[in-house]
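Everything below concerns the one structure shown next.
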Amino acid sequence: MPFHLISSIVSSLLRRTPEQQRIEGPKSSRPQSSPSLGFSSTATVHGLWVKKEDGDTHNPDQGPLSQHQLELKQHWHNQPPVFQSESSVGVDDYDLLETLGTGTFGRVYLAKEKGGRRFYAIKVLKKAEIVRLKQVEHINSERQVLSEVNFPFVVQLYSTFQDDVHLYMVQEYVIGGELFRHLRRAGRFTNDMTKFYTAEIVLAIEYLHSKGIVYRDLKPENLLLDSQGHIKITDFGFAKKVQGRTWTLCGTPEYLAPEIIQSKGHSRAVDWWSLGILIFEMLAGHPPFYDDNHFGIYERILSGKAQYPSYMDSAAKDLIKRLLIGDRNRRLGNLAGGAEDVKRHKWLRHTDWHGLLNKTVRAPLIPSHANECDTSNFEKYPAEQPEDLPKGDPFSHLFTDF
Ligand SMILES: Nc1ncnc2c1ncn2[C@@H]1O[C@H](COP(=O)(O)OP(=O)(O)OP(=O)(O)O)[C@@H](O)[C@H]1O
């Protein structure tokens with residue numbers, strides 16, 4: 001690879017700090033990761049596109065569910081819900097311990113139930129910030145979607161509640177940290193490791209799509225590893241139940257599908273596109289379309305030209321190319337066979353799908369942890385500074401489901 005390209009990649013990855021990348025929308029506070037973008041007001045963004053309101057219409061380019069998807073749908077639909085909608089607990093029932101991560105609207109804390117033994121991750125969001133950034137719909141959607149899901153590779157939400165200032169989402173504590181951190185530490189993953197994570201993510205996408213949910217923010221930052229090294233998809237801030245197409249511009253620049261950039265309306269095909277980006281990033285250590293600025297990234301995505309490293313497995317490359325097809329009507333995963341087409345691809349053909357679902361397949365990387373409240377797989381964050389909390393709740397009518 002020419003030197004100028006290598007230095008461009010390196011500088012692009014090093015400069016992926018929120019301040020430099022942010023246009024508007026949710027932020028990531030960690031260096032070297034790209035923040036998600038979410039626009040919920042009509043606006044021209046860098047002159048490239050105009051955001052339209054969300055709206056569902058019939059989507060002729062969305063293939064029917066495969067037989068396996070139907071079976072899976074039935075099986076997992078019959079699982080008893082774990083989420084407790086009638087929970088009477090509040091924040092006083094927990095001890096908030098360390099910060100595990102920060103987002104645009106607040107923090108995620110390791111927490112322990114008072115008088116209990118279990119540890120949780122509690123996402124604490126500031127209502128005023130959510131309203132200021134026009135993300136009310138997304139946060140309500142996140143709660144709605146997460147309350148409906150119960151799947152081995154999706155983070156479990158147990159309950160939600162609120163006080164005058166904050167919203168709280170009590171989730172399982174996923175102790176192994178972000179896949180992003182493990183990937184940056186390793187540089188890139190081996191073919192077999194990548195295959196393992198890809199397969200679990202494919203099952204999760206298949207499950208979500210079978211429930212009519214489009215995830216829309218697949219990237220290594222939103223994938224956590226559990227104590228046994230299995231994937232847990234987290235951050236459902238952009239996930240949405242979609243029956244046809246939707247138009248909200250959201251996602252992360254390097255992972256945006258062409259139809260989102262072109263504001264054509266999008267549906268579940270965008271998750272298959274971002275899976276292609278993710279497989280590439282896991283194998284190469286950097287995403288296929290990169291540039292110093294968002295415009296450059298979008299131009300490269302639309303051009304569809306990616307440079308595949310010579311060491312990349314040819315079958316993996318073939319799958320990536322089929323997922324990164326600009327025309328969603330020809331994109332693997334979005335064809336008549338649905339997710340089954342992806343699962344039958346030669347790169348994944350020998351995967352033990354049932355073993356994966358039952359978690360009997362050993363993960364390639366078991367995150368180290370000394371005990372169930374170990375936070376060594378997360379970055380260290382300074383404690384939150386105490387602030388004067390406003391009196392009263394002008395926003396209670398916006399979050400009635402919490
Ligand atoms: N269930 C969990 N277990 C362990 N850590 C978690 C959990 N949920 C979130 N985290 C940590 O907190 C970080 C922020 O969480 P999340 O992305 O859900 O917050 P957010 O406010 O939606 O962020 P953003 O503004 O980037 O969308 C995650 O990247 C992860 O490191």
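Chains: A, B, ... in order of the structure tokens. Residues: from 1 per chain. Ligands: from 1, in order shown.
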
Could you please extract the residues within 7 Å of ligand 1, counting only C-alpha atoms and all ligand atoms, and hand them back as a ChimeraX atom specification? /A:26-28,35-36,100-108,121,123,155,171-175,177-178,221-222,234-235,237,378

Tell me which protein, DNA and RNA residues are within 12 Å of Ser303 (chain A), counting only C-alpha atoms, leaving out same-chain ones fewer than 2 positions away, and put them as number ranges by chain. A: 257-258, 261, 288-289, 296-301, 305-306, 324-326

Can you tell me which residues surround Ser147 (chain A) at a distance of at most 10 Å, considering only C-alpha atoms, apart from same-chain residues fewer than 6 positions away, and format the answer as an MDAnalysis selection string? chainID A and resid 81:85 141 156:160

To one decimal place, how far is CA of Arg188 (chain A) from CA of Phe280 (chain A) in Å? 9.8 Å

Have a look at CA of Leu225 (chain A) and CA of Leu183 (chain A) and let me know their distance in Å, one decimal. 11.7 Å

In terms of only C-alpha atoms, the residue from A:Ala284, A:Met193, A:Cys250, A:Ile277 at minimal distance from Met312 (chain A) is A:Ala284

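By chain and then residue number, the residues within 9 Å of His209 (chain A) are A:Leu65, A:Gln69, A:Ala204, A:Ile205, A:Glu206, A:Gly212, A:Ile213, A:Val214, A:Tyr215, A:Lys241, A:Arg268, counting only C-alpha atoms and disregarding those fewer than 3 positions away in sequence.
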
Can you list every residue in region 135-312 of chain A that DSSP puts in strand (DSSP E or B), as a PyMOL selection string? chain A and resi 154+157-162+166-172+178+213-214+223-225+231-233+240-241+246+250-251+266

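Closest approach to Leu319 (chain A) from the set A:Val165, A:Ala111, A:Leu332, A:Leu249 is made by A:Leu332, with distances taken over only C-alpha atoms.
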
Residue set, region 175-317 of chain A restricted to alpha helix (DSSP H), as a VMD selection string: chain A and resid 179 to 186 191 to 210 258 to 261 269 to 284 294 to 303 314 to 317

Return the single residue from A:Asp393, A:Asp271, A:Glu86, A:Asp95 that is closest to Arg331 (chain A), with distances computed using only C-alpha atoms. A:Asp271
